[in-house]
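One file, query_12.cif, carrying mmCIF, C-alpha atoms:
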data_input
#
loop_
_atom_site.label_atom_id
_atom_site.label_comp_id
_atom_site.auth_asym_id
_atom_site.auth_seq_id
_atom_site.Cartn_x
_atom_site.Cartn_y
_atom_site.Cartn_z
CA MET A 437 -5.13 -9.11 -2.99
CA VAL A 438 -7.35 -9.68 -6.02
CA ILE A 439 -10.93 -8.64 -5.40
CA ALA A 440 -13.27 -11.53 -6.11
CA THR A 441 -16.41 -10.21 -4.41
CA LEU A 442 -17.72 -6.86 -3.30
CA GLU A 443 -20.50 -6.92 -0.74
CA ALA A 444 -22.59 -3.91 0.16
CA GLU A 445 -24.84 -4.33 3.15
CA LYS A 446 -27.63 -1.85 3.83
CA LEU A 447 -25.66 1.20 2.75
CA SER A 448 -27.15 4.62 3.43
CA ALA A 449 -25.82 7.98 2.38
CA MET A 450 -26.56 11.44 3.71
CA ARG A 451 -25.59 14.63 1.95
CA GLY A 452 -26.02 17.35 4.53
CA ASP A 453 -29.49 16.74 5.96
CA ARG A 454 -30.76 15.04 2.85
CA ARG A 455 -30.93 11.28 2.60
CA LEU A 456 -29.70 10.20 -0.80
CA PHE A 457 -30.36 6.48 -0.56
CA GLU A 458 -31.13 4.02 2.14
CA ALA A 459 -30.46 0.34 2.79
CA VAL A 460 -28.83 -0.44 -0.54
CA SER A 461 -27.51 -3.99 -0.59
CA PHE A 462 -25.87 -5.94 -3.38
CA THR A 463 -23.19 -8.50 -4.01
CA LEU A 464 -20.93 -8.22 -7.03
CA SER A 465 -18.73 -11.17 -7.92
CA ALA A 466 -15.91 -11.74 -10.38
CA GLY A 467 -17.19 -11.65 -13.94
CA GLU A 468 -20.28 -9.60 -13.10
CA ALA A 469 -21.30 -6.08 -14.02
CA LEU A 470 -23.70 -3.87 -12.12
CA ALA A 471 -25.48 -0.95 -13.79
CA LEU A 472 -26.50 1.76 -11.34
CA THR A 473 -29.48 3.66 -12.65
CA GLY A 474 -31.69 6.39 -11.31
CA PRO A 475 -32.52 10.03 -11.89
CA ASN A 476 -29.97 12.85 -11.50
CA GLY A 477 -29.12 13.40 -7.87
CA SER A 478 -30.20 9.94 -6.74
CA GLY A 479 -26.73 9.14 -5.41
CA LYS A 480 -25.09 7.06 -8.14
CA THR A 481 -21.83 9.01 -8.00
CA THR A 482 -21.97 9.02 -4.20
CA LEU A 483 -22.31 5.23 -4.14
CA LEU A 484 -19.31 4.82 -6.45
CA ARG A 485 -17.23 7.21 -4.36
CA MET A 486 -18.34 5.32 -1.26
CA ILE A 487 -17.02 2.07 -2.71
CA ALA A 488 -13.77 3.88 -3.58
CA GLY A 489 -13.48 5.03 0.03
CA PHE A 490 -13.89 8.77 -0.42
CA ILE A 491 -17.21 8.95 1.40
CA ALA A 492 -18.04 6.98 4.52
CA PRO A 493 -21.50 5.36 4.56
CA SER A 494 -23.76 6.88 7.20
CA GLU A 495 -25.01 3.34 7.87
CA GLY A 496 -24.14 -0.09 6.58
CA ALA A 497 -20.90 -1.72 5.53
CA LEU A 498 -18.81 -2.53 2.47
CA ARG A 499 -16.72 -5.68 2.34
CA PHE A 500 -14.08 -6.73 -0.16
CA ARG A 501 -13.28 -10.42 -0.49
CA GLY A 502 -10.53 -12.15 -2.37
CA PRO A 503 -10.51 -15.77 -3.49
CA ASP A 504 -9.10 -16.79 -0.09
CA GLY A 505 -11.03 -14.57 2.28
CA PRO A 506 -11.57 -10.95 3.25
CA ILE A 507 -9.25 -8.16 2.08
CA GLU A 508 -8.63 -4.94 3.95
CA ALA A 509 -10.64 -2.20 2.28
CA ALA A 510 -7.64 0.16 2.21
CA GLU A 511 -5.53 -2.47 0.47
CA ALA A 512 -8.25 -3.26 -2.06
CA ARG A 513 -8.59 0.42 -2.88
CA SER A 514 -4.87 1.07 -3.23
CA PHE A 515 -4.10 -1.89 -5.44
CA ASP A 516 -7.12 -3.37 -7.13
CA LEU A 517 -9.69 -0.70 -7.94
CA HIS A 518 -10.11 1.85 -10.71
CA LEU A 519 -12.42 4.85 -10.41
CA LEU A 520 -13.25 6.78 -13.53
CA GLY A 521 -15.39 9.78 -12.70
CA HIS A 522 -16.63 12.83 -14.56
CA GLN A 523 -13.26 14.37 -13.91
CA ASP A 524 -10.46 12.48 -15.48
CA GLY A 525 -7.46 14.02 -13.69
CA LEU A 526 -5.76 14.84 -16.99
CA LYS A 527 -3.69 18.03 -17.10
CA GLY A 528 -4.54 20.29 -20.02
CA GLY A 529 -1.02 21.63 -20.40
CA ARG A 530 0.74 18.28 -20.61
CA LEU A 531 1.08 16.03 -23.62
CA ALA A 532 -1.44 13.22 -23.96
CA ARG A 533 1.43 10.74 -24.01
CA GLU A 534 2.91 12.04 -20.75
CA GLU A 535 -0.44 11.94 -19.02
CA VAL A 536 -1.50 8.48 -20.12
CA VAL A 537 1.89 7.09 -19.15
CA PHE A 538 1.80 8.79 -15.75
CA GLN A 539 -1.73 7.59 -14.98
CA ALA A 540 -0.90 4.03 -15.99
CA LEU A 541 2.37 3.96 -14.05
CA TRP A 542 0.75 5.43 -10.96
CA MET A 543 -1.96 2.78 -10.99
CA GLY A 544 0.59 -0.01 -11.34
CA GLY A 545 0.97 -0.49 -15.10
CA ASP A 546 3.95 0.24 -17.32
CA ALA A 547 4.70 2.69 -20.12
CA PRO A 548 4.55 0.26 -23.09
CA SER A 549 1.16 -1.06 -22.03
CA ALA A 550 -0.10 2.52 -21.57
CA LEU A 551 0.89 3.41 -25.11
CA ALA A 552 -0.52 0.15 -26.44
CA ALA A 553 -3.81 0.86 -24.66
CA ALA A 554 -3.94 4.34 -26.18
CA GLU A 555 -3.35 2.82 -29.62
CA ARG A 556 -6.08 0.30 -29.01
CA LEU A 557 -8.47 3.15 -28.19
CA GLY A 558 -7.59 4.90 -31.44
CA LEU A 559 -5.50 7.67 -29.90
CA GLY A 560 -2.21 6.99 -31.67
CA ARG A 561 -2.34 10.19 -33.68
CA VAL A 562 -3.15 12.54 -30.80
CA LEU A 563 -0.56 11.32 -28.28
CA ALA A 564 1.84 14.11 -29.21
CA LEU A 565 -0.78 16.83 -28.62
CA PRO A 566 -1.41 18.72 -25.38
CA VAL A 567 -4.43 17.29 -23.56
CA ARG A 568 -6.31 20.57 -23.87
CA ASN A 569 -6.42 20.15 -27.67
CA LEU A 570 -8.31 16.86 -27.38
CA SER A 571 -12.06 16.57 -27.83
CA ALA A 572 -14.26 15.40 -24.94
CA GLY A 573 -14.47 11.92 -26.43
CA GLN A 574 -10.72 11.71 -26.97
CA ARG A 575 -10.08 12.82 -23.39
CA ARG A 576 -12.44 10.18 -22.08
CA ARG A 577 -10.69 7.52 -24.15
CA LEU A 578 -7.33 8.74 -22.85
CA ALA A 579 -8.61 8.29 -19.30
CA LEU A 580 -10.02 4.86 -20.17
CA ALA A 581 -6.58 3.78 -21.33
CA ARG A 582 -5.38 3.47 -17.75
CA LEU A 583 -8.06 0.88 -17.01
CA ILE A 584 -6.56 -1.35 -19.67
CA ALA A 585 -2.91 -0.49 -19.07
CA ALA A 586 -2.95 -1.07 -15.30
CA ARG A 587 -4.69 -4.32 -14.38
CA ARG A 588 -7.06 -3.82 -11.48
CA SER A 589 -10.08 -6.03 -10.86
CA LEU A 590 -12.84 -3.64 -9.84
CA TRP A 591 -13.82 -0.89 -12.25
CA LEU A 592 -16.02 1.89 -10.89
CA LEU A 593 -17.25 3.91 -13.85
CA ASP A 594 -19.31 7.08 -13.68
CA GLU A 595 -21.14 7.65 -16.98
CA PRO A 596 -18.29 6.05 -18.91
CA LEU A 597 -20.02 6.18 -22.28
CA ALA A 598 -21.40 9.70 -22.19
CA PRO A 599 -18.94 11.53 -24.49
CA LEU A 600 -18.13 8.53 -26.73
CA ASP A 601 -19.36 8.05 -30.29
CA ALA A 602 -21.11 4.84 -31.40
CA GLU A 603 -17.94 3.22 -32.71
CA HIS A 604 -16.04 3.76 -29.48
CA ARG A 605 -19.00 2.77 -27.32
CA ALA A 606 -18.90 -0.57 -29.10
CA LEU A 607 -15.12 -0.78 -28.64
CA PHE A 608 -15.37 0.00 -24.94
CA GLY A 609 -18.15 -2.59 -24.68
CA GLU A 610 -15.71 -5.17 -26.05
CA LEU A 611 -13.05 -4.10 -23.56
CA MET A 612 -15.50 -4.32 -20.67
CA GLY A 613 -16.56 -7.78 -21.87
CA ALA A 614 -12.92 -8.88 -21.97
CA HIS A 615 -12.38 -7.51 -18.47
CA LEU A 616 -15.33 -9.46 -17.10
CA ALA A 617 -14.24 -12.60 -18.92
CA GLY A 618 -10.86 -12.25 -17.21
CA GLY A 619 -12.47 -12.25 -13.76
CA GLY A 620 -13.00 -8.51 -13.40
CA LEU A 621 -15.88 -6.69 -11.72
CA ILE A 622 -17.64 -3.57 -13.02
CA ALA A 623 -20.00 -1.14 -11.30
CA ALA A 624 -21.12 1.66 -13.59
CA ALA A 625 -23.47 4.58 -13.15
CA VAL A 626 -25.38 4.89 -16.42
CA HIS A 627 -28.36 6.50 -18.10
CA ASP A 628 -28.11 4.53 -21.34
CA PRO A 629 -27.93 0.75 -21.20
CA LEU A 630 -24.41 -0.70 -21.00
CA PRO A 631 -23.25 -2.54 -24.12
CA ILE A 632 -22.66 -5.66 -21.97
CA VAL A 633 -24.82 -7.94 -19.88
CA ALA A 634 -25.31 -6.25 -16.54
CA ARG A 635 -27.57 -6.51 -13.56
CA SER A 636 -29.41 -3.32 -12.80
CA LEU A 637 -29.63 -1.57 -9.45
CA GLU A 638 -31.99 1.36 -9.33
CA LEU A 639 -31.49 4.19 -6.88
CA ASP A 640 -34.80 6.01 -6.82
CA GLY A 641 -33.82 9.02 -4.74
CA MET B 755 9.05 3.64 -3.77
CA ARG B 756 8.83 3.48 -7.56
CA SER B 757 5.51 5.29 -7.45
CA THR B 758 6.92 8.18 -5.41
CA VAL B 759 9.65 8.71 -8.02
CA ILE B 760 7.02 8.74 -10.78
CA LEU B 761 4.96 11.27 -8.86
CA PHE B 762 7.97 13.45 -8.08
CA ARG B 763 8.92 13.67 -11.74
CA ARG B 764 5.37 14.54 -12.73
CA GLU B 765 5.16 17.26 -10.07
CA LEU B 766 8.38 18.83 -11.29
CA GLY B 767 7.11 18.67 -14.85
CA LEU B 768 3.87 20.36 -13.84
CA ALA B 769 5.66 23.07 -11.87
CA TRP B 770 7.88 23.95 -14.81
CA ALA B 771 5.18 23.67 -17.45
CA GLY B 772 3.56 26.78 -18.81
CA GLY B 773 5.95 29.34 -17.36
CA GLY B 774 4.63 28.53 -13.92
CA GLY B 775 5.98 28.38 -10.40
CA PRO B 776 9.73 28.94 -10.27
CA SER B 777 10.12 31.84 -12.68
CA LEU B 778 6.99 33.49 -11.28
CA ALA B 779 8.17 33.25 -7.67
CA VAL B 780 11.72 34.37 -8.42
CA GLY B 781 10.41 37.19 -10.61
CA PHE B 782 8.13 38.38 -7.84
CA TYR B 783 10.98 38.12 -5.36
CA VAL B 784 13.35 40.22 -7.44
CA ALA B 785 10.65 42.76 -8.35
CA VAL B 786 9.57 43.44 -4.76
CA ALA B 787 13.18 43.53 -3.60
CA THR B 788 13.88 46.12 -6.29
CA LEU B 789 10.99 48.28 -5.13
CA ALA B 790 12.19 48.33 -1.52
CA PRO B 791 15.16 50.69 -1.91
CA ILE B 792 13.08 53.04 -4.04
CA SER B 793 10.42 53.29 -1.35
CA ALA B 794 12.89 54.11 1.44
CA ALA B 795 15.20 57.09 1.66
CA ALA B 796 18.43 55.97 0.07
CA GLY B 797 20.68 54.25 2.54
CA ALA B 798 18.34 54.89 5.45
CA TRP B 799 18.20 51.21 6.40
CA ARG B 800 21.46 50.05 4.96
CA ALA B 801 23.50 50.72 8.04
CA GLY B 802 21.37 48.45 10.23
CA GLY B 803 20.63 44.83 9.49
CA ALA B 804 17.57 45.74 7.48
CA ALA B 805 18.89 44.76 4.06
CA ALA B 806 19.37 41.06 4.84
CA ALA B 807 16.19 41.01 6.94
CA LEU B 808 14.24 42.50 4.06
CA ALA B 809 15.65 39.94 1.64
CA TRP B 810 14.48 37.25 4.07
CA LEU B 811 10.98 38.70 4.53
CA VAL B 812 10.34 39.15 0.81
CA LEU B 813 11.50 35.58 0.28
CA VAL B 814 8.86 34.41 2.74
CA LEU B 815 6.17 36.27 0.81
CA ALA B 816 7.40 34.95 -2.53
CA SER B 817 7.24 31.41 -1.12
CA LEU B 818 3.54 31.85 -0.43
CA LEU B 819 2.77 32.96 -3.94
CA SER B 820 2.47 29.64 -5.71
CA LEU B 821 1.12 27.55 -2.84
CA GLU B 822 -2.42 27.79 -4.13
CA ARG B 823 -1.45 25.87 -7.25
CA LEU B 824 -0.09 23.02 -5.19
CA PHE B 825 -3.33 21.05 -4.84
CA GLU B 826 -6.18 23.12 -6.13
CA ARG B 827 -5.88 22.01 -9.73
CA ASP B 828 -5.48 18.38 -8.73
CA PHE B 829 -8.59 18.78 -6.61
CA GLU B 830 -10.65 20.40 -9.36
CA ASP B 831 -9.65 18.16 -12.24
CA GLY B 832 -9.98 14.90 -10.31
CA ALA B 833 -6.27 14.08 -10.18
CA LEU B 834 -6.43 13.96 -6.40
CA ASP B 835 -8.87 11.03 -6.64
CA LEU B 836 -6.42 9.26 -8.88
CA LEU B 837 -3.56 9.95 -6.47
CA ALA B 838 -5.64 8.65 -3.56
CA LEU B 839 -6.20 5.32 -5.30
CA GLY B 840 -2.53 4.72 -6.10
CA PRO B 841 -0.25 2.35 -4.23
CA ALA B 842 1.30 5.08 -2.06
CA PRO B 843 -0.63 6.34 0.98
CA LEU B 844 -1.87 9.94 0.83
CA GLU B 845 0.69 10.86 3.48
CA ALA B 846 3.47 9.86 1.09
CA VAL B 847 1.79 11.80 -1.71
CA ALA B 848 1.74 14.88 0.55
CA LEU B 849 5.41 14.39 1.37
CA VAL B 850 6.40 14.00 -2.28
CA LYS B 851 4.36 17.00 -3.36
CA SER B 852 5.90 19.15 -0.62
CA VAL B 853 9.44 18.12 -1.53
CA ALA B 854 8.70 18.68 -5.23
CA HIS B 855 7.38 22.15 -4.41
CA PHE B 856 10.57 22.83 -2.51
CA THR B 857 12.70 21.65 -5.43
CA ALA B 858 10.75 23.59 -8.04
CA VAL B 859 10.07 26.85 -6.20
CA SER B 860 11.85 27.20 -2.85
CA ALA B 861 15.27 26.06 -4.06
CA PRO B 862 15.46 28.61 -6.92
CA LEU B 863 14.28 31.27 -4.44
CA ALA B 864 17.01 30.24 -2.00
CA LEU B 865 19.61 30.56 -4.75
CA ALA B 866 18.35 34.06 -5.55
CA ALA B 867 18.26 35.13 -1.90
CA PRO B 868 21.99 35.91 -1.33
CA VAL B 869 22.10 37.88 -4.57
CA VAL B 870 19.04 39.88 -3.54
CA ALA B 871 20.46 40.49 -0.06
CA ILE B 872 23.76 41.79 -1.44
CA ALA B 873 21.98 43.88 -4.07
CA LEU B 874 19.99 45.50 -1.28
CA GLY B 875 23.22 46.42 0.45
CA ALA B 876 23.82 43.61 2.92
CA THR B 877 27.43 42.80 3.62
CA PRO B 878 28.60 39.86 1.46
CA ARG B 879 29.71 38.14 4.66
CA VAL B 880 26.08 37.18 5.43
CA ALA B 881 25.45 35.70 1.97
CA PRO B 882 26.15 32.07 2.96
CA MET B 883 23.89 32.46 5.99
CA VAL B 884 21.09 33.93 3.86
CA LEU B 885 21.43 30.97 1.51
CA ALA B 886 21.36 28.48 4.39
CA THR B 887 18.33 29.99 6.10
CA ALA B 888 16.50 30.37 2.80
CA ALA B 889 17.12 26.72 1.93
CA ILE B 890 16.20 25.32 5.35
CA GLY B 891 13.34 27.75 5.87
CA GLY B 892 12.11 27.10 2.34
CA LEU B 893 11.66 23.44 3.20
CA ALA B 894 9.58 24.41 6.24
CA PHE B 895 7.48 26.79 4.13
CA ALA B 896 6.88 24.00 1.60
CA PHE B 897 5.58 21.58 4.24
CA VAL B 898 3.49 24.09 6.16
CA GLY B 899 2.33 25.64 2.90
CA ALA B 900 1.11 22.25 1.70
CA LEU B 901 -0.95 21.94 4.85
CA GLY B 902 -2.42 25.41 4.34
CA ALA B 903 -3.20 24.67 0.70
CA ALA B 904 -4.94 21.42 1.65
CA LEU B 905 -6.99 23.13 4.35
CA ALA B 906 -8.14 25.78 1.89
CA LEU B 907 -9.31 23.22 -0.70
CA GLY B 908 -12.82 23.77 -1.93
CA SER B 909 -13.05 27.36 -0.75
CA ARG B 910 -13.31 30.18 -3.20
CA ARG B 911 -10.48 32.69 -3.25
CA GLY B 912 -8.31 29.92 -1.89
CA GLY B 913 -5.04 31.77 -2.47
CA LEU B 914 -5.79 34.45 0.05
CA ILE B 915 -6.97 31.92 2.61
CA VAL B 916 -3.81 29.88 2.15
CA ALA B 917 -1.73 32.95 2.97
CA LEU B 918 -3.85 33.74 6.03
CA ILE B 919 -3.58 30.19 7.32
CA VAL B 920 0.12 29.82 6.63
CA LEU B 921 1.49 33.19 7.78
CA PRO B 922 0.94 32.66 11.52
CA LEU B 923 2.22 29.09 11.28
CA ILE B 924 5.49 30.15 9.72
CA ALA B 925 6.19 32.90 12.24
CA PRO B 926 8.64 30.69 14.21
CA PRO B 927 10.90 29.79 11.26
CA VAL B 928 10.78 33.41 10.10
CA ILE B 929 11.98 34.52 13.55
CA PHE B 930 14.70 31.86 13.77
CA GLY B 931 15.93 32.56 10.26
CA GLY B 932 15.96 36.31 10.78
CA GLY B 933 17.78 35.78 14.08
CA ALA B 934 20.45 33.63 12.46
CA ILE B 935 21.07 36.19 9.71
CA GLU B 936 21.24 39.10 12.15
CA ALA B 937 23.58 37.21 14.52
CA CYS B 938 25.85 36.39 11.60
CA ARG B 939 25.88 40.03 10.49
CA ALA B 940 26.67 41.28 13.97
CA GLY B 941 29.39 38.67 14.48
CA LEU B 942 27.49 36.89 17.26
CA ALA B 943 26.78 33.20 17.76
CA TRP B 944 24.39 32.26 14.95
CA ARG B 945 24.44 28.53 15.54
CA PRO B 946 21.56 28.36 18.07
CA ALA B 947 19.13 30.24 15.84
CA LEU B 948 20.05 28.11 12.84
CA MET B 949 19.66 24.92 14.87
CA LEU B 950 16.22 26.06 16.04
CA LEU B 951 15.27 26.74 12.44
CA LEU B 952 16.46 23.29 11.43
CA ALA B 953 14.61 21.68 14.33
CA TRP B 954 11.40 23.47 13.45
CA THR B 955 11.76 22.42 9.81
CA LEU B 956 12.31 18.78 10.72
CA GLY B 957 9.28 18.91 13.01
CA ALA B 958 7.18 20.32 10.19
CA ALA B 959 8.49 17.69 7.78
CA ALA B 960 7.55 14.93 10.19
CA LEU B 961 4.09 16.22 11.11
CA CYS B 962 2.69 18.16 8.16
CA PRO B 963 2.26 15.28 5.65
CA PHE B 964 -0.12 13.56 8.07
CA LEU B 965 -2.15 16.72 8.64
CA THR B 966 -2.15 17.51 4.93
CA ALA B 967 -3.44 14.03 4.09
CA ALA B 968 -6.17 14.36 6.71
CA ALA B 969 -7.25 17.71 5.26
CA TRP B 970 -7.40 16.15 1.79
CA ARG B 971 -9.54 13.27 2.92
CA ASN B 972 -11.90 15.77 4.44
CA ALA B 973 -12.03 17.81 1.23
CA SER B 974 -12.63 14.77 -1.00
CA SER B 975 -15.55 13.37 1.00
#

Would you write out, as structure tokens, the structure that this file holds?
Amino acid sequence: MVIATLEAEKLSAMRGDRRLFEAVSFTLSAGEALALTGPNGSGKTTLLRMIAGFIAPSEGALRFRGPDGPIEAAEARSFDLHLLGHQDGLKGGRLAREEVVFQALWMGGDAPSALAAAERLGLGRVLALPVRNLSAGQRRRLALARLIAARRSLWLLDEPLAPLDAEHRALFGELMGAHLAGGGLIAAAVHDPLPIVARSLELDG
Amino acid sequence: MRSTVILFRRELGLAWAGGGGPSLAVGFYVAVATLAPISAAAGAWRAGGAAAALAWLVLVLASLLSLERLFERDFEDGALDLLALGPAPLEAVALVKSVAHFTAVSAPLALAAPVVAIALGATPRVAPMVLATAAIGGLAFAFVGALGAALALGSRRGGLIVALIVLPLIAPPVIFGGGAIEACRAGLAWRPALMLLLAWTLGAAALCPFLTAAAWRNASS
């Protein structure tokens, strides 16, 4: 059930009558990162949500493969894929600790690893605060904690670095590097270069 | 299985957080029920079965009140994406959320219902029946309400739309429940009406999670 390869074959996306992108093909294998670039509105988020199964491609196909052959897309999405979008799903009224533990548990991790991940991301002091009192960067780090706490191979990241300061960009770069070294896969929509070695795929709109 | 327990506990926590669902719904229920006798000539409807029927109707309205909150926040803050990528299928998520809504909102309302009915002047003899219909009907409202809330996702003024979608759908359980209460009051056979209510609720419980999940998928695409 571990994703070893993600294949996209001639994917096209329509939003209403507008064609966002056409015939996008790539193969992403374990240990590789893919940086999706392109102007605003070129379909980077749409492509990530397509891989996560929220949007059906208007043409083309996505295939997930494990080490021993194809995996059902639904299974890959339910057990071995993380999507971190602009919206982090954190509830403002709940404590940071409650939310990070819930998100990690829901994605298949456990509570101690969720708290350890939060510590690692420098959030130890804010865990007792309600999420709404956190800064944008702290919120993003809280959402990132689930990627580390619940092991899933494929990370789909939408502008993961945007609200982070330089120190935490470097830290997240290290964590992404460790994930790739452990056989993970990363596809990230970015405007700034990723702090790791990544192939680039440009969507030109 | 473990994931559904985790989700259920979170849903209950969310419902109780910030003075939300239960106290709001019960407060609304009691407030409207208090207004009713003031608006009618004193005792004009007490002799008939209107007191228990009114307690039942206001309960239905109070059940609709917090439905909007059920998914809209999860939809807007991205939590629904997270839930969709978890180990449990969306159908199970819909089921858990509906049952949690029942536990957090409908069950407290059902407990308040006999008190409200008696306060309005219903004979205490119908109190157990009011409790039973409110509990069984409340479960139906939770499942159908979840479907309505999912269908209204992404529309502005969702709360009003939820009520408009849900009200016609819950007409059958409202009729069966009202029938059971009235039969009990009049000393007639109440069992058939209660069984119909139960049957309708079980049907809703079996069907609605699938429809709710389908409506979600549509809203998230």

Got a sec to resolve the PyMOL selection byres ((chain B) within 7 of (chain A)) on this structure and send the residues as a list in words? Ser757, Asp828, Asp831, Gly832, Ala833, Leu836, Leu839, Gly840, Pro841, Ser974 and Ser975 of chain B

Given the file shown, enumerate the residues that the PyMOL selection byres ((chain B and resi 946-950) around 12) captures and present them as a ChimeraX atom specification. /B:883-891,894,926-938,942-945,951-957

Exactly which residues make up the result of the PyMOL selection byres ((chain B and resi 868) around 12) on this file, given as a PDB file with C-alpha atoms, in the coordinates of the input?
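The resulting file, selection-v7.pdb, is shown below:
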ATOM      1  CA  TYR B 783      10.980  38.120  -5.360  1.00  0.00           C
ATOM      2  CA  VAL B 784      13.350  40.220  -7.440  1.00  0.00           C
ATOM      3  CA  ALA B 787      13.180  43.530  -3.600  1.00  0.00           C
ATOM      4  CA  ALA B 805      18.890  44.760   4.060  1.00  0.00           C
ATOM      5  CA  ALA B 806      19.370  41.060   4.840  1.00  0.00           C
ATOM      6  CA  ALA B 807      16.190  41.010   6.940  1.00  0.00           C
ATOM      7  CA  LEU B 808      14.240  42.500   4.060  1.00  0.00           C
ATOM      8  CA  ALA B 809      15.650  39.940   1.640  1.00  0.00           C
ATOM      9  CA  TRP B 810      14.480  37.250   4.070  1.00  0.00           C
ATOM     10  CA  LEU B 813      11.500  35.580   0.280  1.00  0.00           C
ATOM     11  CA  PRO B 862      15.460  28.610  -6.920  1.00  0.00           C
ATOM     12  CA  LEU B 863      14.280  31.270  -4.440  1.00  0.00           C
ATOM     13  CA  ALA B 864      17.010  30.240  -2.000  1.00  0.00           C
ATOM     14  CA  LEU B 865      19.610  30.560  -4.750  1.00  0.00           C
ATOM     15  CA  ALA B 866      18.350  34.060  -5.550  1.00  0.00           C
ATOM     16  CA  ALA B 867      18.260  35.130  -1.900  1.00  0.00           C
ATOM     17  CA  VAL B 869      22.100  37.880  -4.570  1.00  0.00           C
ATOM     18  CA  VAL B 870      19.040  39.880  -3.540  1.00  0.00           C
ATOM     19  CA  ALA B 871      20.460  40.490  -0.060  1.00  0.00           C
ATOM     20  CA  ILE B 872      23.760  41.790  -1.440  1.00  0.00           C
ATOM     21  CA  ALA B 873      21.980  43.880  -4.070  1.00  0.00           C
ATOM     22  CA  LEU B 874      19.990  45.500  -1.280  1.00  0.00           C
ATOM     23  CA  GLY B 875      23.220  46.420   0.450  1.00  0.00           C
ATOM     24  CA  ALA B 876      23.820  43.610   2.920  1.00  0.00           C
ATOM     25  CA  THR B 877      27.430  42.800   3.620  1.00  0.00           C
ATOM     26  CA  PRO B 878      28.600  39.860   1.460  1.00  0.00           C
ATOM     27  CA  ARG B 879      29.710  38.140   4.660  1.00  0.00           C
ATOM     28  CA  VAL B 880      26.080  37.180   5.430  1.00  0.00           C
ATOM     29  CA  ALA B 881      25.450  35.700   1.970  1.00  0.00           C
ATOM     30  CA  PRO B 882      26.150  32.070   2.960  1.00  0.00           C
ATOM     31  CA  MET B 883      23.890  32.460   5.990  1.00  0.00           C
ATOM     32  CA  VAL B 884      21.090  33.930   3.860  1.00  0.00           C
ATOM     33  CA  LEU B 885      21.430  30.970   1.510  1.00  0.00           C
ATOM     34  CA  ALA B 886      21.360  28.480   4.390  1.00  0.00           C
ATOM     35  CA  THR B 887      18.330  29.990   6.100  1.00  0.00           C
ATOM     36  CA  ALA B 888      16.500  30.370   2.800  1.00  0.00           C
ATOM     37  CA  ALA B 889      17.120  26.720   1.930  1.00  0.00           C
ATOM     38  CA  ILE B 935      21.070  36.190   9.710  1.00  0.00           C
TER      39      ILE B 935
END

Using CA of Ala547 (chain A) and CA of Ile584 (chain A) as the two end points, give the distance in Å to one decimal. 12.0 Å

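With CA of Ala585 (chain A) on one side and CA of Gly620 (chain A) on the other, the separation reads 14.1 Å.
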
Show me as a short mmCIF file (atom, residue, chain, number, x, y, z; two decimals) with C-alpha atoms, in the frame of the given file the residues that reach within 8 Å of (-21.1, 1.0, -16.0), counting all atoms listed in the file and using the file's own coordinates.
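Here's the written file result-v5.cif:
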data_model
loop_
_atom_site.label_atom_id
_atom_site.label_comp_id
_atom_site.auth_asym_id
_atom_site.auth_seq_id
_atom_site.Cartn_x
_atom_site.Cartn_y
_atom_site.Cartn_z
CA ALA A 469 -21.30 -6.08 -14.02
CA LEU A 470 -23.70 -3.87 -12.12
CA ALA A 471 -25.48 -0.95 -13.79
CA LEU A 472 -26.50 1.76 -11.34
CA LEU A 592 -16.02 1.89 -10.89
CA LEU A 593 -17.25 3.91 -13.85
CA ASP A 594 -19.31 7.08 -13.68
CA GLU A 595 -21.14 7.65 -16.98
CA PRO A 596 -18.29 6.05 -18.91
CA ILE A 622 -17.64 -3.57 -13.02
CA ALA A 623 -20.00 -1.14 -11.30
CA ALA A 624 -21.12 1.66 -13.59
CA ALA A 625 -23.47 4.58 -13.15
CA VAL A 626 -25.38 4.89 -16.42
CA LEU A 630 -24.41 -0.70 -21.00
#

Tell me which of A:Ala440, A:Leu600, A:Val536, A:Leu637 sits closest to Gly573 (chain A), counting all atoms listed in the file.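 Of all the options, A:Leu600 lies closest to Gly573 (chain A).
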
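If you look at CA of Ala958 (chain B) and CA of Val853 (chain B), they are 12.1 Å away from each other.
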
Counting only C-alpha atoms, find residues at most 9 Å from (-9.1, 24.1, 1.2) (file frame) and give them as JSON, numbers by chain. {"B": [825, 826, 902, 903, 904, 905, 906, 907, 908, 909, 910, 912, 915, 916, 969, 970, 973]}

Residues of the last selection are to be written out with C-alpha atoms, as a JSON list (two decimals), in the coordinates of the input.
[["chain", "number", "residue", "atom", "x", "y", "z"],
["B", 825, "PHE", "CA", -3.33, 21.05, -4.84],
["B", 826, "GLU", "CA", -6.18, 23.12, -6.13],
["B", 902, "GLY", "CA", -2.42, 25.41, 4.34],
["B", 903, "ALA", "CA", -3.20, 24.67, 0.70],
["B", 904, "ALA", "CA", -4.94, 21.42, 1.65],
["B", 905, "LEU", "CA", -6.99, 23.13, 4.35],
["B", 906, "ALA", "CA", -8.14, 25.78, 1.89],
["B", 907, "LEU", "CA", -9.31, 23.22, -0.70],
["B", 908, "GLY", "CA", -12.82, 23.77, -1.93],
["B", 909, "SER", "CA", -13.05, 27.36, -0.75],
["B", 910, "ARG", "CA", -13.31, 30.18, -3.20],
["B", 912, "GLY", "CA", -8.31, 29.92, -1.89],
["B", 915, "ILE", "CA", -6.97, 31.92, 2.61],
["B", 916, "VAL", "CA", -3.81, 29.88, 2.15],
["B", 969, "ALA", "CA", -7.25, 17.71, 5.26],
["B", 970, "TRP", "CA", -7.40, 16.15, 1.79],
["B", 973, "ALA", "CA", -12.03, 17.81, 1.23]]
